[in-house]
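Below: coords09.txt (compact mmCIF, C-alpha atoms)
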```txt
# COMPACT_ATOMS: atom_id res chain seq x y z
CA MET S 763 29.84 -16.90 -54.67
CA ARG S 764 30.60 -18.82 -51.48
CA PHE S 765 33.53 -16.50 -50.73
CA PHE S 766 31.38 -13.45 -51.38
CA TYR S 767 28.58 -14.48 -49.01
CA ASN S 768 30.97 -15.71 -46.32
CA ASN S 769 33.28 -12.69 -46.32
CA LEU S 770 32.03 -9.70 -48.33
CA TRP S 771 28.24 -9.71 -48.26
CA MET S 772 26.46 -7.35 -45.87
CA PRO S 773 22.76 -7.51 -44.89
CA TRP S 774 21.85 -4.18 -46.52
CA ASP S 775 22.98 -5.59 -49.88
CA ASP S 776 19.57 -7.34 -50.07
CA GLN S 777 17.55 -4.14 -49.84
CA ASP S 778 15.17 -3.72 -52.79
CA ASP S 779 16.43 -0.24 -53.65
CA LYS S 780 20.11 -1.16 -53.26
CA VAL S 781 22.31 -0.50 -56.29
CA PHE S 782 25.30 -2.80 -56.01
CA LEU S 783 28.32 -1.30 -57.77
CA SER S 784 31.51 -3.03 -58.86
CA ASP S 785 33.47 -0.48 -56.79
CA THR S 786 31.79 -1.91 -53.69
CA ILE S 787 33.24 -5.35 -54.42
CA GLU S 788 36.71 -3.82 -54.87
CA ASP S 789 36.44 -1.79 -51.66
CA ARG S 790 35.35 -4.80 -49.61
CA MET S 791 37.96 -7.07 -51.18
CA GLU S 792 40.66 -4.56 -50.25
CA LEU S 793 39.24 -4.38 -46.72
CA TRP S 794 39.26 -8.18 -46.46
CA LEU S 795 42.93 -8.29 -47.57
CA ASP S 796 43.89 -5.58 -45.05
CA LEU S 797 42.17 -7.58 -42.28
CA HIS S 798 44.22 -10.68 -43.12
CA ASN S 799 47.66 -9.25 -43.95
CA GLY S 800 48.22 -7.33 -40.71
CA THR S 801 47.68 -3.84 -42.17
CA ILE S 802 44.84 -3.16 -39.74
CA PRO S 803 45.73 -3.23 -35.98
CA ASN S 804 44.14 -6.05 -34.00
CA CYS S 805 41.98 -3.71 -31.92
CA VAL S 806 40.42 -2.19 -35.06
CA ALA S 807 40.21 -5.53 -36.91
CA ARG S 808 38.29 -7.02 -34.01
CA ASN S 809 35.85 -4.10 -34.06
CA ILE S 810 35.26 -4.56 -37.81
CA LYS S 811 34.55 -8.27 -37.42
CA LEU S 812 32.29 -7.61 -34.45
CA LEU S 813 30.37 -4.99 -36.44
CA ARG S 814 29.78 -7.36 -39.37
CA ASN S 815 28.73 -10.24 -37.11
CA SER S 816 26.34 -8.01 -35.17
CA ALA S 817 24.77 -6.74 -38.40
CA ILE S 818 24.28 -10.26 -39.73
CA ASN S 819 22.83 -11.37 -36.39
CA ALA S 820 20.28 -8.52 -36.44
CA TYR S 821 19.37 -9.33 -40.05
CA GLU S 822 18.86 -13.03 -39.30
CA ARG S 823 16.71 -12.24 -36.27
CA LEU S 824 14.53 -9.96 -38.41
CA ARG S 825 14.12 -12.76 -40.96
CA ALA S 826 13.24 -15.21 -38.19
CA LEU S 827 10.57 -12.83 -36.87
CA ASP S 828 9.08 -12.46 -40.35
CA SER S 829 9.14 -16.23 -40.89
CA SER S 830 7.38 -16.92 -37.60
CA LEU S 831 4.72 -14.39 -38.53
CA CYS S 832 4.11 -16.07 -41.88
CA GLU S 833 3.98 -19.54 -40.30
CA GLU S 834 1.26 -18.37 -37.93
CA ASP S 835 -0.76 -16.92 -40.87
CA MET S 836 -0.92 -13.58 -39.11
CA ALA S 837 0.43 -11.36 -41.86
CA ASP S 838 -3.04 -10.05 -42.77
CA GLU S 839 -4.27 -9.57 -39.22
CA ASP S 840 -4.36 -6.24 -37.36
CA ASP S 841 -1.52 -5.15 -35.06
CA SER S 842 -3.34 -6.34 -31.95
CA MET S 843 -2.92 -9.93 -33.15
CA LEU S 844 0.86 -9.67 -33.54
CA PRO S 845 3.12 -11.69 -31.18
CA PRO S 846 4.18 -9.91 -27.96
CA ASN S 847 6.93 -7.29 -28.51
CA TYR S 848 6.94 -7.98 -32.28
CA ILE S 849 6.77 -4.33 -33.31
CA ILE S 850 9.34 -3.08 -30.79
CA LEU S 851 11.75 -5.93 -31.66
CA CYS S 852 11.50 -5.16 -35.36
CA ALA S 853 12.06 -1.45 -34.69
CA GLU S 854 15.11 -2.12 -32.49
CA LEU S 855 16.69 -4.55 -34.96
CA THR S 856 16.06 -2.22 -37.91
CA ALA S 857 17.61 0.69 -35.99
CA ARG S 858 20.63 -1.47 -35.16
CA LEU S 859 21.09 -2.37 -38.84
CA ASP S 860 20.88 1.31 -39.85
CA SER S 861 23.47 2.23 -37.21
CA HIS S 862 25.81 -0.55 -38.32
CA MET S 863 25.48 0.50 -41.96
CA SER S 864 26.62 4.03 -41.03
CA GLN S 865 29.57 2.73 -38.99
CA TRP S 866 30.56 0.38 -41.79
CA THR S 867 31.30 3.39 -44.02
CA LEU S 868 34.31 4.15 -41.82
CA TYR S 869 35.88 0.87 -42.87
CA GLU S 870 34.56 0.07 -46.34
CA LYS S 871 35.77 3.19 -48.14
CA SER S 872 39.55 2.99 -48.56
CA LEU S 873 40.28 6.71 -48.18
CA ILE S 874 38.22 7.08 -45.01
CA ARG S 875 39.66 3.84 -43.59
CA LYS S 876 43.26 4.97 -44.07
CA GLN S 877 42.64 8.22 -42.21
CA TYR S 878 40.84 6.40 -39.40
CA LEU S 879 43.64 3.83 -39.11
CA ALA S 880 46.31 6.52 -39.02
CA LYS S 881 44.53 8.11 -36.05
CA ALA S 882 44.15 4.73 -34.28
CA LYS S 883 47.83 3.81 -34.81
CA LYS S 884 49.00 7.17 -33.44
CA LYS S 885 46.95 6.65 -30.30
CA TRP S 886 48.24 3.07 -29.93
CA GLN S 887 51.90 4.13 -30.32
CA LYS S 888 51.43 6.78 -27.64
CA ASN S 889 50.08 4.35 -25.08
CA LYS S 890 51.78 1.03 -25.97
CA SER S 891 54.31 1.30 -23.12
CA LYS S 892 51.55 1.58 -20.52
CA ARG S 893 48.89 -0.84 -19.25
CA ASN S 894 45.68 -0.26 -21.11
CA VAL S 895 42.64 0.23 -18.82
CA VAL S 896 39.16 1.12 -20.04
CA ALA S 897 36.34 2.36 -17.79
CA LEU S 898 32.74 1.88 -18.93
CA TRP S 899 30.35 4.54 -17.65
CA ARG S 900 27.08 5.83 -19.09
CA GLY S 901 27.13 9.01 -17.06
CA GLY S 902 25.18 10.05 -13.98
CA SER S 903 25.14 12.54 -11.13
CA ILE S 904 28.13 14.55 -9.95
CA PHE S 905 28.10 12.53 -6.71
CA GLU S 906 28.36 9.26 -8.64
CA PHE S 907 31.18 10.73 -10.72
CA ASP S 908 33.00 11.71 -7.54
CA ASP S 909 32.71 8.14 -6.17
CA ILE S 910 33.96 6.66 -9.44
CA SER S 911 36.84 9.13 -9.62
CA LYS S 912 37.97 8.19 -6.11
CA TYR S 913 37.74 4.51 -7.02
CA LEU S 914 39.80 4.98 -10.19
CA ARG S 915 42.46 7.00 -8.36
CA THR S 916 42.96 4.22 -5.81
CA HIS S 917 42.84 1.50 -8.48
CA LEU S 918 45.22 2.97 -11.08
CA THR S 919 48.83 4.16 -11.08
CA SER S 920 51.08 6.15 -13.43
CA GLU S 921 51.81 2.88 -15.24
CA HIS S 922 48.22 2.79 -16.54
CA THR S 923 46.59 4.65 -19.37
CA LEU S 924 42.87 5.20 -18.83
CA THR S 925 40.14 5.53 -21.45
CA VAL S 926 36.53 6.24 -20.45
CA THR S 927 33.81 5.22 -22.89
CA VAL S 928 30.07 4.63 -23.01
CA SER S 929 30.07 1.81 -25.56
CA ALA S 930 30.96 -1.73 -24.49
CA GLU S 931 31.75 -2.60 -28.12
CA GLU S 932 34.22 0.27 -28.36
CA ALA S 933 35.72 -0.56 -24.96
CA LEU S 934 36.43 -4.20 -25.87
CA SER S 935 37.71 -3.30 -29.33
CA LEU S 936 40.50 -1.36 -27.56
CA GLU S 937 41.72 -4.73 -26.20
CA PRO S 938 42.16 -3.50 -22.61
CA GLU S 939 44.15 -5.44 -20.05
CA GLU S 940 41.51 -4.37 -17.55
CA LEU S 941 37.89 -3.35 -18.04
CA LEU S 942 36.29 -1.43 -15.17
CA VAL S 943 32.50 -1.39 -15.46
CA CYS S 944 31.31 1.63 -13.48
CA SER S 945 27.58 1.74 -14.29
CA LYS S 946 25.09 -0.45 -12.43
CA GLU S 947 24.25 -2.56 -15.48
CA TYR S 948 25.81 -3.16 -18.89
CA GLU S 949 25.10 -5.30 -21.93
CA ILE S 950 28.16 -7.13 -23.24
CA PRO S 951 28.53 -7.88 -26.97
CA GLU S 952 29.34 -11.39 -28.20
CA MET S 953 33.07 -11.71 -28.79
CA PRO S 954 35.89 -14.00 -27.56
CA LEU S 955 38.04 -12.33 -24.89
CA SER S 956 41.53 -13.17 -23.68
CA GLN S 957 44.15 -11.63 -21.40
CA ILE S 958 41.55 -9.43 -19.72
CA SER S 959 40.43 -8.59 -16.20
CA ILE S 960 36.82 -7.40 -15.79
CA THR S 961 35.95 -5.64 -12.53
CA GLY S 962 32.61 -4.22 -11.46
CA PHE S 963 32.13 -1.05 -9.43
CA LYS S 964 29.82 -1.87 -6.52
CA GLY S 965 28.60 -5.14 -7.99
CA THR S 966 27.88 -4.22 -11.60
CA SER S 967 25.47 -6.51 -13.51
CA LEU S 968 26.44 -7.84 -16.95
CA LYS S 969 23.88 -9.22 -19.42
CA ALA S 970 23.60 -10.21 -23.07
CA PRO S 971 21.53 -7.85 -25.27
CA ASP S 972 20.07 -10.69 -27.36
CA MET S 973 19.90 -14.47 -27.65
CA ARG S 974 23.24 -16.26 -27.98
CA SER S 975 25.14 -19.22 -26.54
CA CYS S 976 27.46 -17.56 -23.96
CA LEU S 977 27.71 -14.30 -22.04
CA LEU S 978 31.52 -14.44 -21.76
CA ILE S 979 33.87 -16.57 -23.88
CA LEU S 980 37.30 -16.44 -22.22
CA SER S 981 40.78 -17.86 -22.81
CA GLU S 982 44.42 -17.45 -21.71
CA ILE S 983 44.70 -15.43 -18.47
CA CYS S 984 41.48 -13.72 -17.29
CA SER S 985 39.81 -12.60 -14.09
CA LEU S 986 36.30 -11.55 -13.03
CA ARG S 987 35.72 -9.55 -9.86
CA GLU S 988 32.80 -7.90 -8.08
CA LEU S 989 30.27 -8.76 -10.80
CA THR S 990 26.72 -10.07 -11.05
CA LEU S 991 26.53 -12.18 -14.22
CA HIS S 992 23.05 -12.89 -15.56
CA CYS S 993 22.01 -15.87 -17.66
CA SER S 994 19.15 -14.10 -19.44
CA ASN S 995 19.37 -14.61 -23.23
CA VAL S 996 22.27 -17.12 -22.96
CA ASN S 997 22.70 -20.83 -22.26
CA THR S 998 26.09 -20.48 -20.53
CA VAL S 999 27.31 -17.57 -18.43
CA VAL S 1000 31.09 -18.19 -18.64
CA HIS S 1001 32.78 -20.49 -21.16
CA MET S 1002 36.47 -20.96 -20.29
CA SER S 1003 38.75 -22.71 -22.77
CA THR S 1004 42.46 -23.33 -22.30
CA GLY S 1005 43.93 -20.89 -19.80
CA THR S 1006 43.62 -19.56 -16.26
CA LEU S 1007 40.54 -17.84 -14.86
CA THR S 1008 40.09 -16.28 -11.42
CA VAL S 1009 36.58 -15.43 -10.20
CA ARG S 1010 36.26 -13.43 -6.97
CA ARG S 1011 33.21 -12.04 -5.19
CA CYS S 1012 30.85 -12.67 -8.10
CA VAL S 1013 27.21 -13.75 -8.30
CA LEU S 1014 26.11 -15.90 -11.24
CA ARG S 1015 22.33 -15.98 -11.50
CA ASN S 1016 19.65 -17.39 -13.76
CA ASP S 1017 16.45 -15.41 -13.21
CA SER S 1018 14.45 -17.22 -15.90
CA TYR S 1019 14.90 -20.87 -14.84
CA SER S 1020 11.50 -22.44 -14.29
CA SER S 1021 11.71 -26.05 -15.47
CA GLN S 1022 14.14 -28.69 -16.62
CA VAL S 1023 13.61 -27.52 -20.19
CA ASP S 1024 16.03 -24.71 -19.33
CA PHE S 1025 19.55 -26.18 -19.45
CA ALA S 1026 21.34 -23.02 -18.34
CA GLN S 1027 24.91 -23.42 -17.09
CA GLY S 1028 26.94 -21.17 -14.83
CA ILE S 1029 30.59 -21.88 -15.70
CA VAL S 1030 31.82 -24.43 -18.23
CA ALA S 1031 35.49 -25.45 -17.89
CA LYS S 1032 36.80 -26.98 -21.12
CA PRO S 1033 39.97 -29.14 -21.41
CA GLY S 1034 43.02 -27.11 -20.40
CA ALA S 1035 41.10 -24.65 -18.24
CA ASN S 1036 42.31 -23.92 -14.71
CA ILE S 1037 39.72 -21.98 -12.68
CA LEU S 1038 39.83 -20.61 -9.13
CA ILE S 1039 36.48 -19.37 -7.76
CA GLU S 1040 36.40 -17.53 -4.42
CA ASP S 1041 33.60 -15.97 -2.34
CA SER S 1042 31.07 -16.43 -5.15
CA THR S 1043 27.47 -17.64 -5.52
CA PHE S 1044 25.74 -19.73 -8.23
CA ASP S 1045 21.96 -19.52 -8.11
CA ASN S 1046 19.19 -21.26 -10.05
CA PHE S 1047 21.00 -23.10 -12.87
CA TYR S 1048 20.39 -26.48 -14.41
CA SER S 1049 24.15 -27.09 -13.97
CA GLY S 1050 26.03 -24.67 -11.75
CA ILE S 1051 29.52 -25.73 -12.90
CA VAL S 1052 30.50 -28.21 -15.65
CA VAL S 1053 34.08 -29.52 -15.63
CA TYR S 1054 35.33 -31.49 -18.63
CA LYS S 1055 38.27 -33.89 -18.89
CA GLY S 1056 41.58 -32.05 -18.61
CA ALA S 1057 40.10 -29.10 -16.69
CA GLN S 1058 40.69 -28.08 -13.06
CA VAL S 1059 38.32 -26.09 -10.83
CA GLU S 1060 38.82 -25.06 -7.20
CA LEU S 1061 36.06 -23.43 -5.14
CA ARG S 1062 36.82 -21.56 -1.91
CA ASN S 1063 34.06 -20.20 0.29
CA CYS S 1064 31.42 -20.51 -2.43
CA THR S 1065 27.68 -21.27 -2.49
CA LEU S 1066 25.75 -23.24 -5.11
CA LYS S 1067 21.99 -23.33 -4.58
CA ASN S 1068 18.68 -24.00 -6.32
CA CYS S 1069 20.34 -25.88 -9.19
CA SER S 1070 19.27 -29.18 -10.72
CA VAL S 1071 22.92 -30.31 -10.59
CA GLY S 1072 25.36 -28.26 -8.56
CA ILE S 1073 28.58 -29.56 -10.13
CA GLN S 1074 28.87 -31.86 -13.15
CA LEU S 1075 32.33 -33.36 -13.69
CA TYR S 1076 33.84 -35.93 -16.01
CA SER S 1077 36.66 -38.46 -15.74
CA GLY S 1078 40.06 -36.84 -16.07
CA SER S 1079 38.96 -33.56 -14.49
CA LYS S 1080 39.92 -32.22 -11.06
CA VAL S 1081 37.56 -30.45 -8.66
CA THR S 1082 38.51 -29.21 -5.18
CA LEU S 1083 35.90 -27.88 -2.75
CA ASN S 1084 37.00 -25.82 0.26
CA LYS S 1085 34.51 -24.09 2.63
CA THR S 1086 31.85 -24.55 -0.02
CA ASN S 1087 28.11 -25.09 0.43
CA ILE S 1088 25.89 -26.86 -2.12
CA SER S 1089 22.18 -26.94 -1.26
CA ALA S 1090 18.61 -27.23 -2.60
CA CYS S 1091 19.60 -29.16 -5.73
CA ALA S 1092 16.59 -30.75 -7.48
CA GLU S 1093 18.53 -33.70 -8.91
CA GLN S 1094 22.03 -33.98 -7.45
CA CYS S 1095 24.54 -31.84 -5.60
CA ILE S 1096 27.46 -33.42 -7.47
CA ARG S 1097 27.20 -35.65 -10.54
CA CYS S 1098 30.31 -37.55 -11.68
CA GLU S 1099 30.48 -39.31 -15.03
CA VAL S 1100 33.27 -41.90 -14.96
CA ASP S 1101 34.86 -44.08 -17.63
CA SER S 1102 33.20 -47.45 -18.20
CA ASP S 1103 36.41 -49.27 -17.21
CA VAL S 1104 36.65 -47.62 -13.78
CA ALA S 1105 36.55 -50.41 -11.23
CA ASP S 1106 35.62 -48.51 -8.08
CA LYS S 1107 32.24 -46.85 -8.57
CA ASN S 1108 32.13 -45.60 -4.96
CA SER S 1109 34.86 -42.98 -5.31
CA VAL S 1110 35.90 -40.45 -7.89
CA GLU S 1111 39.50 -39.72 -8.72
CA GLY S 1112 39.97 -35.97 -9.04
CA LEU S 1113 37.15 -34.95 -6.68
CA GLU S 1114 38.37 -33.57 -3.34
CA ILE S 1115 35.84 -32.32 -0.77
CA LYS S 1116 37.35 -30.72 2.34
CA PRO S 1117 35.73 -31.52 5.71
CA ASN S 1118 34.71 -27.85 6.07
CA CYS S 1119 32.21 -28.17 3.18
CA THR S 1120 28.44 -28.74 3.40
CA ILE S 1121 27.13 -30.86 0.53
CA GLY S 1122 23.34 -31.17 0.70
CA SER S 1123 22.34 -33.35 3.65
CA GLY S 1124 26.00 -34.08 4.39
CA ASN S 1125 25.70 -37.73 3.32
CA LEU S 1126 28.16 -37.85 0.41
CA GLN S 1127 27.07 -41.33 -0.66
CA LYS S 1128 23.64 -39.84 -1.31
CA GLU S 1129 24.64 -36.38 -2.54
CA VAL S 1130 27.40 -37.49 -4.94
CA LEU S 1131 26.04 -39.50 -7.88
CA ILE S 1132 28.49 -41.62 -9.89
CA VAL S 1133 27.31 -42.79 -13.31
CA LYS S 1134 28.82 -44.29 -16.45
CA GLN S 1135 30.16 -41.59 -18.73
CA ASP S 1136 28.29 -40.74 -21.94
CA VAL S 1137 31.11 -40.54 -24.49
CA SER S 1138 28.97 -38.42 -26.81
CA LEU S 1139 29.27 -35.50 -24.34
CA ILE S 1140 33.07 -35.50 -24.14
```
Encoded form using structure tokens:
Amino acid sequence: MRFFYNNLWMPWDDQDDKVFLSDTIEDRMELWLDLHNGTIPNCVARNIKLLRNSAINAYERLRALDSSLCEEDMADEDDSMLPPNYIILCAELTARLDSHMSQWTLYEKSLIRKQYLAKAKKKWQKNKSKRNVVALWRGGSIFEFDDISKYLRTHLTSEHTLTVTVSAEEALSLEPEELLVCSKEYEIPEMPLSQISITGFKGTSLKAPDMRSCLLILSEICSLRELTLHCSNVNTVVHMSTGTLTVRRCVLRNDSYSSQVDFAQGIVAKPGANILIEDSTFDNFYSGIVVYKGAQVELRNCTLKNCSVGIQLYSGSKVTLNKTNISACAEQCIRCEVDSDVADKNSVEGLEIKPNCTIGSGNLQKEVLIVKQDVSLI
């Protein structure tokens, strides 16, 4: 039963009028085996897992909405007494579940899946020798198309293969080396990404469509360029685990921060992460950048403003600031948590601030706070 609910169960199985057949178990078991024995290409396997996770997420959010309604004893009241956006949220989540159920048919039925996989493999074989680039564009005027076409022609060469798609889920499931986001704003699904470069066309904005922990979960070698990354619906904008990340000409912004209850973070560098940030701005976070032990972060010509803590770093990390400005921080421009056995509390090993930086008032003894490290946060 545990295996079934963890791997085979789908939200629509709980519908009152659902007739659950033994063939369904066999079909899903075969699909699960194909996902784990390498029969299904990674790009398609990732899309299947993303589809199931998204369906379960929508189902759980619907249940949470229903539970909150019952707790408030509002089930028997008229619609005017419902919580704000309750009806529209329920409608959107139900529509998403219906859409996912239709898409799932492509993968659950063995005969349909084999035909779909044969088509996907043929396309992959054709393009495997070239660099895979995907452009995201919802459509627009002929003048906008002309601008985007000129941009793509200057950006790509004969060594690239280009796919243009509307769906961010479909784009990421193709596992592109580079994702070019050509519309002004896009919602990014929740999925770990690695070996990818994401570039915005004229400062594209990326957001999360619903509540989750991170906007982007990155690893290995990644880059972000010309993007505005929003913290709405997430706690952390960029979570970087082991690997190298380059961020250039980006704006990371939290539009919803209003009190210290909001613990939104811009970039979190986990152990093994090596991050270079250039010509970028962090605005209105509780913690602009968090750097854990074993991580390295270098900022060049960057601005951090209106944060509670501009940069939070821990013992064993390395932070270099060059031509960087940190201002209007409610608590501290830089907060350093050091090991309890560190003898010199007036300096921090691993923190380098170039003379061309402006840190708050300029008095580093005041603007850099050194405290004993809380081991529970490591």
Selected residue of minimal separation from Lys881 in chain S among S:Leu914, S:Val806, S:Leu793, S:Ile950, counting all atoms listed in the file |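 So, comparing all the options, the nearest one is S:Val806.
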Quick one: everything within 12 Å of Phe907 in chain S, counting all atoms listed in the file, minus sequence neighbours fewer than 5 positions away in the same chain. Send it as a list in words.
-> Trp899, Arg900, Gly901, Gly902, Lys912, Tyr913, Leu914, Val926, Cys944, Ser945 and Phe963 of chain S
Counting all atoms listed in the file, what is within 7 Å of Ala1057 in chain S, bar same-chain residues fewer than 2 positions away, as a count of residues only?
-> 12
Can you tell me, as number ranges by chain, which residues sit within 6 Å of (37.5, -18.0, 1.0) in the file's frame, using only C-alpha atoms?
-> S: 1040-1041, 1062-1063
Based on the selection just made, write C-alpha atoms of those residues as a PDB file, keeping the file's coordinate frame.
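Result written to selection_18.pdb:
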```
ATOM      1  CA  GLU S1040      36.400 -17.530  -4.420  1.00  0.00           C
ATOM      2  CA  ASP S1041      33.600 -15.970  -2.340  1.00  0.00           C
ATOM      3  CA  ARG S1062      36.820 -21.560  -1.910  1.00  0.00           C
ATOM      4  CA  ASN S1063      34.060 -20.200   0.290  1.00  0.00           C
TER       5      ASN S1063
END
```
Near Lys964 in chain S, counting all atoms listed in the file, which residues have an atom at most 12 Å away, once you skip same-chain residues fewer than 5 positions from it, shown as number ranges by chain?
-> S: 906, 909-910, 913, 942-947, 987-990, 1011-1012
Atomic distance CA of Gly1072 in chain S - CA of Ile1039 in chain S, expressed in Å with one decimal =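 Result for CA of Gly1072 in chain S versus CA of Ile1039 in chain S: 14.3 Å, one decimal.
Here CA of Arg764 in chain S stands at a distance of 28.9 Å from CA of Leu879 in chain S.
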Please provide the set of residues having any atom within 12 Å of range 1085-1090 of chain S, restricted to only C-alpha atoms, with same-chain residues fewer than 3 positions apart removed, written as a PyMOL selection string.
-> chain S and resi 1039-1051+1060-1073+1081-1082+1093-1096+1114-1124+1126+1129-1130
Figure out the distance between CA of Ala817 in chain S and CA of His862 in chain S, please, to one decimal in Å.
-> 6.3 Å
Judged by all atoms listed in the file, the minimum distance to Asp789 in chain S among S:Tyr821, S:Phe905, S:Phe1025, S:Trp866 is found for S:Trp866
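Counting all atoms listed in the file, range 978-984 of chain S has the following residues at most 7 Å away, ignoring those fewer than 5 positions along the same chain: S:Met953, S:Pro954, S:Leu955, S:Ser956, S:Gln957, S:Ile958, S:Ser959, S:Val999, S:Val1000, S:His1001, S:Met1002, S:Ser1003, S:Thr1004, S:Gly1005, S:Thr1006, S:Leu1007, S:Thr1008.
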